file coords35.cif (mmCIF, C-alpha atoms and all ligand atoms)
data_target
#
loop_
_atom_site.label_atom_id
_atom_site.label_comp_id
_atom_site.auth_asym_id
_atom_site.auth_seq_id
_atom_site.Cartn_x
_atom_site.Cartn_y
_atom_site.Cartn_z
CA MET A 216 -10.04 9.44 3.75
CA HIS A 217 -6.37 9.59 4.77
CA VAL A 218 -3.97 6.69 4.08
CA ILE A 219 -0.47 6.57 5.59
CA VAL A 220 2.09 4.79 3.42
CA LEU A 221 5.14 3.62 5.36
CA GLY A 222 8.29 3.67 3.21
CA ALA A 223 9.26 5.80 0.21
CA GLY A 224 10.97 3.13 -1.87
CA VAL A 225 9.65 2.19 -5.30
CA VAL A 226 6.87 0.14 -3.71
CA GLY A 227 5.70 2.89 -1.32
CA VAL A 228 5.83 5.69 -3.88
CA THR A 229 3.94 3.62 -6.47
CA THR A 230 1.35 2.72 -3.82
CA ALA A 231 0.87 6.44 -3.14
CA TYR A 232 0.29 6.95 -6.88
CA TYR A 233 -2.59 4.46 -7.14
CA LEU A 234 -4.12 5.64 -3.87
CA ALA A 235 -4.06 9.26 -5.06
CA GLU A 236 -5.50 8.20 -8.43
CA ASN A 237 -8.43 6.74 -6.51
CA GLY A 238 -9.11 9.91 -4.57
CA TYR A 239 -7.36 9.19 -1.26
CA THR A 240 -5.32 11.75 0.63
CA VAL A 241 -1.91 10.17 1.29
CA THR A 242 1.07 10.78 3.56
CA VAL A 243 4.26 8.87 2.71
CA VAL A 244 6.63 8.56 5.68
CA ASP A 245 10.30 7.59 5.52
CA ARG A 246 13.30 7.98 7.81
CA ALA A 247 15.51 8.85 4.83
CA SER A 248 15.85 12.37 3.46
CA ASP A 249 14.25 11.52 0.09
CA VAL A 250 12.59 8.80 -1.93
CA ALA A 251 14.48 5.64 -3.01
CA HIS A 252 17.22 5.75 -0.39
CA GLY A 253 16.81 2.07 0.56
CA THR A 254 16.91 -0.94 -1.78
CA SER A 255 15.40 1.06 -4.64
CA PHE A 256 18.51 3.28 -4.85
CA ALA A 257 20.74 1.59 -7.47
CA ASN A 258 19.29 -1.81 -8.33
CA GLY A 259 19.80 -3.69 -11.61
CA GLY A 260 17.25 -1.50 -13.37
CA GLN A 261 15.62 -4.47 -15.08
CA LEU A 262 11.89 -4.59 -15.62
CA SER A 263 12.18 -8.31 -15.77
CA TYR A 264 8.63 -9.24 -16.73
CA SER A 265 9.56 -12.65 -18.15
CA PHE A 266 12.29 -13.81 -15.82
CA THR A 267 10.27 -14.47 -12.67
CA ASP A 268 11.83 -17.85 -11.87
CA ALA A 269 11.60 -18.71 -8.18
CA LEU A 270 14.89 -18.83 -6.30
CA ALA A 271 13.46 -21.72 -4.25
CA LYS A 272 13.57 -24.68 -6.65
CA PRO A 273 14.69 -28.33 -6.52
CA GLY A 274 18.12 -27.48 -8.00
CA PHE A 275 18.83 -25.09 -5.11
CA ILE A 276 19.43 -27.96 -2.67
CA ALA A 277 22.36 -29.21 -4.79
CA THR A 278 24.02 -25.78 -4.53
CA LEU A 279 23.93 -25.77 -0.71
CA PRO A 280 27.40 -27.32 -0.10
CA ALA A 281 29.07 -24.68 -2.32
CA LEU A 282 27.02 -21.93 -0.67
CA LEU A 283 27.72 -22.96 2.90
CA SER A 284 31.43 -23.59 2.31
CA GLY A 285 31.94 -20.20 0.63
CA ARG A 286 32.96 -21.78 -2.71
CA ASP A 287 30.37 -19.77 -4.67
CA PRO A 288 31.80 -16.26 -5.07
CA ALA A 289 28.29 -14.91 -5.73
CA SER A 290 27.05 -15.76 -2.22
CA ARG A 291 28.25 -15.44 1.35
CA VAL A 292 26.31 -17.15 4.12
CA LYS A 293 26.53 -16.49 7.85
CA LEU A 294 24.23 -18.74 9.82
CA SER A 295 22.07 -17.02 12.44
CA PRO A 296 18.77 -17.84 14.18
CA ALA A 297 16.96 -15.47 11.78
CA LEU A 298 18.48 -17.17 8.71
CA LEU A 299 17.81 -20.69 10.02
CA SER A 300 14.16 -19.88 10.73
CA TRP A 301 13.67 -18.28 7.28
CA GLY A 302 15.83 -20.93 5.56
CA MET A 303 13.61 -23.81 6.77
CA ARG A 304 10.60 -22.12 5.21
CA PHE A 305 12.59 -21.41 2.05
CA LEU A 306 13.69 -25.07 1.72
CA ALA A 307 10.05 -26.18 2.06
CA GLN A 308 9.39 -24.23 -1.18
CA CYS A 309 12.12 -26.08 -3.10
CA THR A 310 9.80 -28.65 -4.71
CA SER A 311 8.99 -28.74 -8.44
CA ARG A 312 5.34 -28.02 -7.77
CA ARG A 313 5.95 -25.06 -5.46
CA ALA A 314 8.64 -23.65 -7.78
CA ALA A 315 6.27 -23.76 -10.78
CA THR A 316 3.39 -22.18 -8.81
CA ASN A 317 5.59 -19.42 -7.39
CA THR A 318 7.16 -18.68 -10.80
CA LEU A 319 3.78 -18.46 -12.53
CA ASP A 320 2.09 -16.40 -9.79
CA VAL A 321 4.90 -13.83 -9.98
CA LEU A 322 4.82 -14.01 -13.81
CA SER A 323 1.15 -13.09 -13.82
CA LEU A 324 1.82 -10.15 -11.47
CA ALA A 325 4.77 -9.06 -13.63
CA MET A 326 2.79 -9.18 -16.87
CA ARG A 327 0.10 -6.98 -15.30
CA SER A 328 2.82 -4.61 -14.07
CA GLU A 329 4.06 -4.16 -17.63
CA ARG A 330 0.65 -2.96 -18.80
CA LEU A 331 0.17 -0.75 -15.75
CA LEU A 332 3.58 0.90 -16.15
CA ASP A 333 2.71 1.69 -19.78
CA GLU A 334 -0.45 3.45 -18.60
CA LEU A 335 1.41 5.28 -15.84
CA ARG A 336 4.05 6.47 -18.32
CA ASP A 337 1.39 7.83 -20.67
CA LYS A 338 -0.34 9.63 -17.84
CA THR A 339 2.62 11.13 -15.98
CA ASN A 340 5.10 11.74 -18.78
CA PHE A 341 8.39 12.20 -16.86
CA ASP A 342 11.79 10.77 -17.76
CA PHE A 343 13.20 7.82 -15.84
CA SER A 344 15.59 6.41 -18.46
CA TYR A 345 12.99 3.93 -19.64
CA ARG A 346 14.05 1.77 -22.59
CA ALA A 347 12.43 -1.25 -24.25
CA ALA A 348 15.78 -3.01 -24.23
CA GLY A 349 14.83 -6.70 -24.30
CA LYS A 350 16.69 -9.22 -22.19
CA LEU A 351 18.99 -12.20 -22.80
CA VAL A 352 19.63 -14.75 -20.06
CA LEU A 353 22.80 -16.67 -20.91
CA LEU A 354 22.85 -20.42 -20.35
CA ALA A 355 26.29 -21.77 -19.51
CA ASN A 356 25.76 -25.49 -20.15
CA ASN A 357 23.33 -28.16 -21.34
CA ASP A 358 21.86 -28.64 -17.85
CA GLN A 359 20.87 -24.96 -17.72
CA LEU A 360 19.59 -25.25 -21.29
CA ALA A 361 17.31 -28.19 -20.40
CA VAL A 362 15.88 -26.36 -17.36
CA ALA A 363 15.42 -23.20 -19.45
CA ARG A 364 13.62 -25.15 -22.20
CA ARG A 365 11.02 -26.43 -19.69
CA GLY A 366 10.66 -22.97 -18.12
CA THR A 367 10.28 -21.28 -21.50
CA GLU A 368 7.54 -23.69 -22.59
CA LEU A 369 5.71 -23.20 -19.29
CA LYS A 370 5.83 -19.40 -19.63
CA GLN A 371 4.84 -19.44 -23.31
CA ALA A 372 1.79 -21.50 -22.35
CA HIS A 373 0.85 -18.62 -20.02
CA GLY A 374 1.08 -15.98 -22.74
CA CYS A 375 4.60 -14.78 -21.97
CA ASP A 376 6.80 -13.54 -24.82
CA VAL A 377 10.00 -15.63 -24.35
CA GLU A 378 12.00 -17.80 -26.72
CA LEU A 379 15.00 -20.06 -26.51
CA LEU A 380 17.90 -19.07 -28.78
CA THR A 381 21.04 -20.87 -29.87
CA ARG A 382 24.36 -19.16 -29.19
CA GLU A 383 24.50 -17.94 -32.80
CA GLN A 384 20.94 -16.57 -32.69
CA ALA A 385 21.71 -14.77 -29.41
CA ILE A 386 24.78 -13.13 -30.94
CA ALA A 387 22.71 -12.10 -33.97
CA HIS A 388 20.31 -10.34 -31.54
CA GLU A 389 23.10 -8.73 -29.54
CA PRO A 390 26.46 -8.56 -31.38
CA ALA A 391 28.26 -7.44 -28.18
CA LEU A 392 27.87 -11.05 -26.93
CA ALA A 393 30.61 -12.07 -29.38
CA HIS A 394 33.06 -10.24 -27.07
CA LEU A 395 32.11 -12.19 -23.92
CA GLN A 396 34.81 -14.27 -22.31
CA ARG A 397 32.41 -16.83 -20.79
CA PRO A 398 31.27 -19.77 -22.89
CA PHE A 399 27.51 -20.11 -23.29
CA VAL A 400 25.44 -22.66 -25.19
CA GLY A 401 22.27 -20.62 -25.68
CA ALA A 402 20.07 -17.93 -24.17
CA VAL A 403 16.49 -17.14 -23.24
CA PHE A 404 15.35 -14.00 -25.03
CA SER A 405 12.45 -11.85 -23.96
CA ALA A 406 11.77 -8.96 -26.31
CA SER A 407 9.27 -7.33 -23.95
CA ASP A 408 11.58 -6.90 -20.96
CA GLU A 409 12.61 -3.32 -20.29
CA VAL A 410 15.18 -1.31 -18.41
CA ALA A 411 14.69 1.87 -16.37
CA ASP A 412 16.08 3.71 -13.36
CA ALA A 413 14.01 2.99 -10.23
CA GLN A 414 15.47 5.96 -8.36
CA LEU A 415 14.66 8.42 -11.16
CA PHE A 416 11.17 6.89 -11.36
CA CYS A 417 10.63 7.50 -7.62
CA ARG A 418 11.86 11.10 -7.91
CA GLY A 419 9.66 11.80 -10.93
CA LEU A 420 6.65 10.29 -9.21
CA ARG A 421 7.45 12.25 -6.02
CA ASP A 422 7.24 15.52 -7.95
CA TYR A 423 4.15 14.45 -9.86
CA LEU A 424 2.35 13.38 -6.66
CA ALA A 425 3.41 16.41 -4.63
CA ALA A 426 2.09 18.66 -7.43
CA SER A 427 -1.23 16.79 -7.38
CA GLY A 428 -1.86 18.18 -3.88
CA ARG A 429 -3.12 14.77 -2.72
CA VAL A 430 0.19 13.37 -1.47
CA THR A 431 2.49 14.72 1.25
CA PHE A 432 5.98 13.33 1.82
CA ALA A 433 7.26 13.26 5.41
CA PHE A 434 11.01 12.59 5.21
CA ASP A 435 13.53 12.22 8.05
CA GLN A 436 10.79 10.64 10.18
CA SER A 437 11.60 7.32 11.79
CA ILE A 438 8.57 5.14 12.48
CA GLU A 439 8.77 3.23 15.74
CA ASN A 440 5.35 1.64 16.28
CA LEU A 441 1.93 1.09 14.85
CA THR A 442 -0.82 2.56 17.01
CA ILE A 443 -3.31 -0.24 17.52
CA ASP A 444 -6.56 0.09 19.39
CA ASN A 445 -9.02 -2.79 19.73
CA ARG A 446 -7.40 -4.79 16.88
CA GLN A 447 -7.58 -1.79 14.58
CA VAL A 448 -4.69 0.40 13.46
CA THR A 449 -5.28 4.11 13.93
CA GLY A 450 -1.89 5.53 13.00
CA ILE A 451 1.83 5.42 13.76
CA SER A 452 4.19 6.73 16.40
CA GLY A 453 7.85 7.67 16.09
CA ASP A 454 9.64 10.92 15.34
CA ARG A 455 6.19 12.22 14.54
CA ASP A 456 2.84 10.71 15.50
CA LEU A 457 0.28 10.49 12.71
CA GLN A 458 -3.36 9.46 12.58
CA GLY A 459 -4.87 7.79 9.51
CA ASP A 460 -7.86 5.81 8.32
CA ALA A 461 -5.60 3.11 6.90
CA VAL A 462 -1.87 2.26 7.01
CA VAL A 463 0.10 0.44 4.28
CA VAL A 464 3.44 -1.08 5.24
CA CYS A 465 5.96 -0.74 2.37
CA LEU A 466 9.12 -0.97 4.47
CA GLY A 467 10.88 -3.58 2.33
CA ALA A 468 13.53 -5.54 4.23
CA TRP A 469 12.71 -3.64 7.44
CA SER A 470 8.99 -4.52 7.50
CA ALA A 471 9.31 -7.24 10.16
CA GLU A 472 10.78 -4.79 12.71
CA LEU A 473 7.49 -2.89 12.79
CA LEU A 474 5.11 -5.80 12.28
CA ARG A 475 6.44 -8.29 14.85
CA PRO A 476 5.49 -6.22 17.93
CA ALA A 477 1.96 -6.12 16.45
CA GLY A 478 1.92 -9.94 16.34
CA LEU A 479 2.52 -10.28 12.58
CA ASN A 480 5.57 -12.06 11.16
CA PRO A 481 6.00 -11.50 7.42
CA HIS A 482 9.04 -13.87 7.25
CA ILE A 483 11.08 -11.42 5.20
CA TYR A 484 14.84 -11.98 5.12
CA PRO A 485 17.34 -9.29 3.96
CA VAL A 486 19.35 -10.81 1.08
CA ARG A 487 22.17 -8.43 0.26
CA GLY A 488 23.15 -7.69 -3.33
CA TYR A 489 25.44 -5.12 -4.92
CA SER A 490 25.80 -2.93 -7.96
CA VAL A 491 28.57 -0.99 -9.66
CA THR A 492 27.94 1.68 -12.27
CA LEU A 493 30.65 2.36 -14.84
CA PRO A 494 31.09 4.27 -18.09
CA LEU A 495 30.34 2.23 -21.21
CA GLY A 496 33.15 0.09 -22.61
CA GLU A 497 34.20 -0.56 -26.21
CA ASN A 498 31.40 -3.05 -26.90
CA PRO A 499 28.55 -2.53 -24.44
CA PRO A 500 25.43 -4.65 -24.95
CA SER A 501 22.28 -2.70 -25.69
CA VAL A 502 20.05 -5.60 -24.66
CA SER A 503 20.09 -6.41 -20.91
CA VAL A 504 22.24 -9.47 -20.29
CA SER A 505 22.13 -11.86 -17.33
CA SER A 506 24.66 -14.58 -16.66
CA LEU A 507 22.91 -17.27 -14.63
CA ALA A 508 26.17 -19.00 -13.71
CA ASP A 509 27.72 -15.80 -12.33
CA LYS A 510 24.49 -14.39 -10.84
CA ILE A 511 25.06 -10.97 -12.41
CA VAL A 512 23.20 -8.71 -14.79
CA PHE A 513 24.45 -6.01 -17.17
CA SER A 514 21.99 -3.16 -17.83
CA ARG A 515 22.68 -0.17 -20.03
CA LEU A 516 21.11 2.64 -18.05
CA ASN A 517 21.43 6.44 -18.30
CA GLY A 518 24.32 6.08 -20.76
CA SER A 519 26.28 3.96 -18.25
CA MET A 520 26.68 0.26 -17.53
CA ARG A 521 24.97 -0.91 -14.33
CA ILE A 522 26.31 -4.28 -13.22
CA ALA A 523 24.33 -5.85 -10.38
CA GLY A 524 24.02 -9.15 -8.62
CA PHE A 525 25.13 -11.58 -5.87
CA ALA A 526 23.06 -12.85 -2.98
CA ASP A 527 24.55 -12.72 0.53
CA PHE A 528 22.70 -14.23 3.49
CA ALA A 529 24.27 -12.53 6.52
CA ASP A 530 21.41 -10.65 8.21
CA PHE A 531 21.81 -6.84 8.03
CA ASN A 532 25.61 -7.00 7.76
CA THR A 533 27.24 -4.33 5.56
CA ALA A 534 30.84 -4.70 6.75
CA ASN A 535 32.04 -6.52 3.61
CA ASP A 536 30.58 -4.19 0.99
CA LYS A 537 33.96 -3.03 -0.35
CA SER A 538 35.33 -6.52 -0.85
CA ARG A 539 32.02 -7.78 -2.29
CA THR A 540 31.87 -4.99 -4.88
CA ASP A 541 35.55 -5.70 -5.66
CA THR A 542 34.56 -9.32 -6.37
CA LEU A 543 31.58 -8.17 -8.46
CA LEU A 544 33.90 -5.99 -10.54
CA THR A 545 36.43 -8.81 -10.97
CA ILE A 546 33.80 -11.29 -12.17
CA ALA A 547 32.08 -8.76 -14.44
CA LYS A 548 35.42 -7.98 -16.07
CA GLN A 549 36.08 -11.70 -16.62
CA VAL A 550 32.64 -12.22 -18.15
CA ALA A 551 32.34 -9.10 -20.30
CA PRO A 552 35.67 -7.22 -20.48
CA GLN A 553 34.41 -4.84 -23.18
CA ALA A 554 30.98 -4.08 -21.70
CA ALA A 555 32.21 -1.33 -19.37
CA ASP A 556 35.24 0.84 -18.75
CA TYR A 557 36.66 -0.97 -15.71
CA SER A 558 39.69 1.32 -15.53
CA VAL A 559 37.86 4.18 -13.78
CA GLU A 560 38.77 4.61 -10.14
CA ASN A 561 35.53 6.12 -8.91
CA ALA A 562 33.02 3.49 -10.04
CA HIS A 563 29.76 4.04 -8.17
CA ARG A 564 29.41 1.14 -5.70
CA TRP A 565 26.26 0.26 -3.82
CA GLY A 566 24.69 -2.50 -1.71
CA GLY A 567 21.03 -3.14 -0.91
CA PHE A 568 18.87 -5.60 1.01
CA ARG A 569 16.34 -7.52 -1.07
CA PRO A 570 13.22 -8.12 1.05
CA MET A 571 12.89 -11.88 0.37
CA THR A 572 9.95 -14.03 1.36
CA PRO A 573 10.50 -17.82 1.41
CA ASP A 574 8.29 -18.38 -1.66
CA GLY A 575 9.51 -15.29 -3.56
CA GLN A 576 6.01 -13.82 -3.66
CA PRO A 577 5.28 -10.36 -2.25
CA LEU A 578 2.79 -9.91 0.58
CA VAL A 579 0.00 -7.71 -0.76
CA GLY A 580 -3.33 -6.91 0.86
CA ALA A 581 -5.22 -6.80 4.16
CA THR A 582 -3.98 -8.24 7.47
CA ARG A 583 -5.87 -9.52 10.50
CA ILE A 584 -5.45 -6.06 12.06
CA ARG A 585 -8.24 -3.85 10.71
CA ASN A 586 -7.11 -1.01 8.40
CA LEU A 587 -3.56 -2.38 8.25
CA TYR A 588 -2.36 -3.44 4.80
CA LEU A 589 0.89 -4.89 3.46
CA ASN A 590 2.73 -4.24 0.23
CA THR A 591 6.15 -5.69 0.91
CA GLY A 592 8.49 -8.65 0.41
CA HIS A 593 9.21 -8.14 -3.30
CA GLY A 594 12.66 -9.72 -3.08
CA MET A 595 14.58 -9.70 -6.36
CA LEU A 596 11.78 -8.06 -8.35
CA GLY A 597 10.44 -5.02 -6.51
CA TRP A 598 10.95 -2.64 -9.42
CA THR A 599 9.36 -5.08 -11.86
CA LEU A 600 6.32 -5.78 -9.68
CA ALA A 601 5.79 -2.32 -8.16
CA CYS A 602 2.86 -1.22 -10.35
CA ALA A 603 0.76 -4.39 -10.09
CA SER A 604 1.24 -4.85 -6.35
CA ALA A 605 0.52 -1.15 -5.68
CA PHE A 606 -2.59 -1.40 -7.82
CA ASP A 607 -3.70 -4.54 -5.96
CA VAL A 608 -3.23 -3.14 -2.45
CA THR A 609 -5.21 -0.07 -3.51
CA GLN A 610 -8.03 -2.36 -4.69
CA ALA A 611 -7.97 -4.11 -1.31
CA ILE A 612 -8.31 -0.76 0.47
CA LEU A 613 -11.11 0.34 -1.88
CA LYS A 614 -13.11 -2.73 -0.85
CA THR A 615 -13.40 -1.54 2.74
CA HIS A 616 -12.90 2.23 2.56
C1 LIG B 701 21.69 -5.64 -6.17
C2 LIG B 701 20.20 -5.59 -6.41
C3 LIG B 701 19.73 -5.60 -7.71
C4 LIG B 701 18.34 -5.58 -7.96
N1 LIG B 701 17.91 -5.53 -9.25
C5 LIG B 701 16.59 -5.49 -9.51
C6 LIG B 701 16.14 -5.42 -10.85
O1 LIG B 701 16.92 -5.35 -11.79
N2 LIG B 701 14.80 -5.42 -11.07
C7 LIG B 701 13.89 -5.50 -10.04
O2 LIG B 701 12.69 -5.54 -10.30
N3 LIG B 701 14.31 -5.51 -8.76
C8 LIG B 701 15.62 -5.53 -8.46
N4 LIG B 701 16.06 -5.57 -7.16
C9 LIG B 701 15.07 -5.64 -6.09
C10 LIG B 701 14.45 -4.28 -5.81
O3 LIG B 701 15.45 -3.29 -5.78
C11 LIG B 701 13.67 -4.33 -4.47
O4 LIG B 701 12.76 -5.40 -4.50
C12 LIG B 701 12.91 -3.03 -4.25
O5 LIG B 701 13.77 -1.93 -4.30
C13 LIG B 701 12.18 -3.04 -2.91
O6 LIG B 701 11.51 -1.81 -2.83
P1 LIG B 701 10.76 -1.38 -1.49
O7 LIG B 701 10.11 -0.08 -1.77
O8 LIG B 701 9.93 -2.52 -1.01
O9 LIG B 701 11.92 -1.25 -0.41
P2 LIG B 701 12.96 -0.03 -0.20
O10 LIG B 701 13.31 0.61 -1.47
O11 LIG B 701 14.08 -0.58 0.62
O12 LIG B 701 12.12 1.02 0.65
C14 LIG B 701 11.85 0.79 2.02
C15 LIG B 701 11.90 2.15 2.69
O13 LIG B 701 11.49 1.99 4.05
C16 LIG B 701 12.22 2.93 4.82
N5 LIG B 701 12.19 2.49 6.21
C17 LIG B 701 12.53 1.28 6.70
N6 LIG B 701 12.32 1.23 8.03
C18 LIG B 701 11.82 2.45 8.41
C19 LIG B 701 11.41 3.02 9.65
N7 LIG B 701 11.42 2.32 10.80
N8 LIG B 701 10.96 4.29 9.66
C20 LIG B 701 10.91 5.02 8.49
N9 LIG B 701 11.30 4.52 7.30
C21 LIG B 701 11.74 3.26 7.24
C22 LIG B 701 13.61 2.91 4.20
O14 LIG B 701 14.29 4.11 4.48
C23 LIG B 701 13.29 2.75 2.71
O15 LIG B 701 13.25 3.99 2.04
C24 LIG B 701 17.43 -5.57 -6.87
C25 LIG B 701 17.91 -5.53 -5.56
C26 LIG B 701 19.28 -5.52 -5.32
C27 LIG B 701 19.79 -5.46 -3.92
#
call {"tool": "encode", "arguments": {"input": "coords35.cif", "output": "structure tokens"}}
result
Amino acid sequence: MHVIVLGAGVVGVTTAYYLAENGYTVTVVDRASDVAHGTSFANGGQLSYSFTDALAKPGFIATLPALLSGRDPASRVKLSPALLSWGMRFLAQCTSRRAATNTLDVLSLAMRSERLLDELRDKTNFDFSYRAAGKLVLLANNDQLAVARRGTELKQAHGCDVELLTREQAIAHEPALAHLQRPFVGAVFSASDEVADAQLFCRGLRDYLAASGRVTFAFDQSIENLTIDNRQVTGISGDRDLQGDAVVVCLGAWSAELLRPAGLNPHIYPVRGYSVTLPLGENPPSVSVSSLADKIVFSRLNGSMRIAGFADFADFNTANDKSRTDTLLTIAKQVAPQAADYSVENAHRWGGFRPMTPDGQPLVGATRIRNLYLNTGHGMLGWTLACASAFDVTQAILKTH
């Protein structure tokens, strides 16, 4: 039984792992020259099992004027038909009830991912800069504190290991916070959150899978179409045509391009974010730190400081990457001047498209086209959710094949 996995990002490569574990022969196809050349290349590195809060929430509506007028430095918005169509669906999710459901559904997926990644690590045993770092989400004011208190109680009731800390308790956990230049009134701490390099993970898994003899990687192959015959997918066409018994779409932000001609619209919008990677500064935090107000995260990864964040809604536009990473650097330096060495000239800069669904939940499982499966739309949390969603899509395939 041959399964074709489309896309060699963290979601596609992890899908290949669970398929191979279950005895399938797998071909992973990607137009890039290697694994993790899309959004999995240099993300925030956070295995954010506890911080699964939906972006679509009642408070989002109040931020719209600042977003649309360009007053929020963490977001740029350029209205387009694609954004308006997606945005209407997104706004429909901004109710308290939908926000709680979406947060908890993703939390449950994330908590399963944590256990699955532990098992995968034990089994494969390769290095991907994994560290049980813990995570602190800084709360800038009493409004954020009140929202965080409700969220923390909700998550604790679902078995999640999070606690609300005062400013002093947060500094006791992570002394580097004493050197921050942004006031904060408290923090949410999750001891179980981890940090690891998604790109190194994909490379390690690539080698492990290739050595297993069950998985073949076909790089530099652009996929143009699904081959569909009598409402059943039989393969793909593009740079190379391939036949398979099942096809799994793991194309991240680009999934809609392939699915729409087949009559499926996954409603995935590309939300651009950025990262910069710098040498460590005088007082780098060891725990991962997120500043909610600034929409940035600091992750100590591979002996460097990875600073990631922002959310731009401007379709597939990459023209402003230099100025956006300049802004990211400026804000990071204001927030945590001693976390990284900002004086280096050749900081590694990167931008990626988060594959966002309106409800923030990934699309995982069968479609109405026989033998065609989805594992896509992981938005802000693709690295965190990769194991559980890959496991789940494999279970869906096992049911019929
Ligand atoms: C700034 C930033 C920070 C982030 N931080 C975190 C974090 O800390 N923790 C976390 O969990 N998540 C984070 N994310 C989100 C995470 O990176 C993504 O959700 C995840 O990488 C998506 O993985 P993917 O495999 O679905 O997509 P991708 O990695 O983008 O893979 C899709 C692949 O499909 C290929 N492809 C597309 N179209 C075609 C075609 N027609 N033919 C052939 N190949 C094709 C591409 O080349 C690509 O390799 C962050 C994202 C950004 C932008």
call {"tool": "axis_aligned_box", "arguments": {"input": "coords35.cif", "around": "ligand LIG 701 (chain B)", "padding_each_side": "4 Å", "output": "JSON"}}
result
{"center_x": 15.8, "center_y": -0.3, "center_z": -0.5, "size_x": 19.8, "size_y": 18.7, "size_z": 30.6}
call {"tool": "closest_atom_pairs", "arguments": {"input": "coords35.cif", "of": "region 263-300 of chain A", "to": "region 571-581 of chain A", "cutoff": "10 Å", "atoms": "all atoms listed in the file", "output": "JSON lines"}}
result
{"residue": "A:Thr267", "atom": "CA", "partner": "A:Gly575", "partner_atom": "CA", "distance": 9.2}
{"residue": "A:Asp268", "atom": "CA", "partner": "A:Gly575", "partner_atom": "CA", "distance": 9.0}
{"residue": "A:Ala269", "atom": "CA", "partner": "A:Gly575", "partner_atom": "CA", "distance": 6.1}
{"residue": "A:Leu270", "atom": "CA", "partner": "A:Gly575", "partner_atom": "CA", "distance": 7.0}
{"residue": "A:Ala271", "atom": "CA", "partner": "A:Asp574", "partner_atom": "CA", "distance": 6.7}
{"residue": "A:Lys272", "atom": "CA", "partner": "A:Asp574", "partner_atom": "CA", "distance": 9.6}
call {"tool": "write_last_selection", "arguments": {"input": "coords35.cif", "atoms": "C-alpha atoms", "output": "short mmCIF file (atom, residue, chain, number, x, y, z; two decimals), in the coordinates of the input"}}
result
data_model
loop_
_atom_site.label_atom_id
_atom_site.label_comp_id
_atom_site.auth_asym_id
_atom_site.auth_seq_id
_atom_site.Cartn_x
_atom_site.Cartn_y
_atom_site.Cartn_z
CA THR A 267 10.27 -14.47 -12.67
CA ASP A 268 11.83 -17.85 -11.87
CA ALA A 269 11.60 -18.71 -8.18
CA LEU A 270 14.89 -18.83 -6.30
CA ALA A 271 13.46 -21.72 -4.25
CA LYS A 272 13.57 -24.68 -6.65
#
call {"tool": "atom_distance", "arguments": {"input": "coords35.cif", "atom1": "CA of Cys375 (chain A)", "atom2": "CA of Leu600 (chain A)"}}
result
15.3 Å
call {"tool": "residues_around", "arguments": {"input": "coords35.cif", "residues": "Lys350 (chain A)", "least_positions_apart": "3", "cutoff": "10 Å", "atoms": "only C-alpha atoms", "output": "PyMOL selection string"}}
result
chain A and resi 261-266+347+353+377+389+402-410+501-505+512-514
call {"tool": "write_last_selection", "arguments": {"input": "coords35.cif", "atoms": "C-alpha atoms", "output": "PDB file, in the coordinates of the input"}}
result
ATOM      1  CA  GLN A 261      15.620  -4.470 -15.080  1.00  0.00           C
ATOM      2  CA  LEU A 262      11.890  -4.590 -15.620  1.00  0.00           C
ATOM      3  CA  SER A 263      12.180  -8.310 -15.770  1.00  0.00           C
ATOM      4  CA  TYR A 264       8.630  -9.240 -16.730  1.00  0.00           C
ATOM      5  CA  SER A 265       9.560 -12.650 -18.150  1.00  0.00           C
ATOM      6  CA  PHE A 266      12.290 -13.810 -15.820  1.00  0.00           C
ATOM      7  CA  ALA A 347      12.430  -1.250 -24.250  1.00  0.00           C
ATOM      8  CA  LEU A 353      22.800 -16.670 -20.910  1.00  0.00           C
ATOM      9  CA  VAL A 377      10.000 -15.630 -24.350  1.00  0.00           C
ATOM     10  CA  GLU A 389      23.100  -8.730 -29.540  1.00  0.00           C
ATOM     11  CA  ALA A 402      20.070 -17.930 -24.170  1.00  0.00           C
ATOM     12  CA  VAL A 403      16.490 -17.140 -23.240  1.00  0.00           C
ATOM     13  CA  PHE A 404      15.350 -14.000 -25.030  1.00  0.00           C
ATOM     14  CA  SER A 405      12.450 -11.850 -23.960  1.00  0.00           C
ATOM     15  CA  ALA A 406      11.770  -8.960 -26.310  1.00  0.00           C
ATOM     16  CA  SER A 407       9.270  -7.330 -23.950  1.00  0.00           C
ATOM     17  CA  ASP A 408      11.580  -6.900 -20.960  1.00  0.00           C
ATOM     18  CA  GLU A 409      12.610  -3.320 -20.290  1.00  0.00           C
ATOM     19  CA  VAL A 410      15.180  -1.310 -18.410  1.00  0.00           C
ATOM     20  CA  SER A 501      22.280  -2.700 -25.690  1.00  0.00           C
ATOM     21  CA  VAL A 502      20.050  -5.600 -24.660  1.00  0.00           C
ATOM     22  CA  SER A 503      20.090  -6.410 -20.910  1.00  0.00           C
ATOM     23  CA  VAL A 504      22.240  -9.470 -20.290  1.00  0.00           C
ATOM     24  CA  SER A 505      22.130 -11.860 -17.330  1.00  0.00           C
ATOM     25  CA  VAL A 512      23.200  -8.710 -14.790  1.00  0.00           C
ATOM     26  CA  PHE A 513      24.450  -6.010 -17.170  1.00  0.00           C
ATOM     27  CA  SER A 514      21.990  -3.160 -17.830  1.00  0.00           C
TER      28      SER A 514
END
call {"tool": "closest_residue", "arguments": {"input": "coords35.cif", "among": "A:Leu298, A:Ile522, A:Val228, A:Val362", "to": "Leu493 (chain A)", "atoms": "only C-alpha atoms"}}
result
A:Ile522
call {"tool": "atom_distance", "arguments": {"input": "coords35.cif", "atom1": "CA of Ala281 (chain A)", "atom2": "CA of Pro552 (chain A)"}}
result
26.0 Å
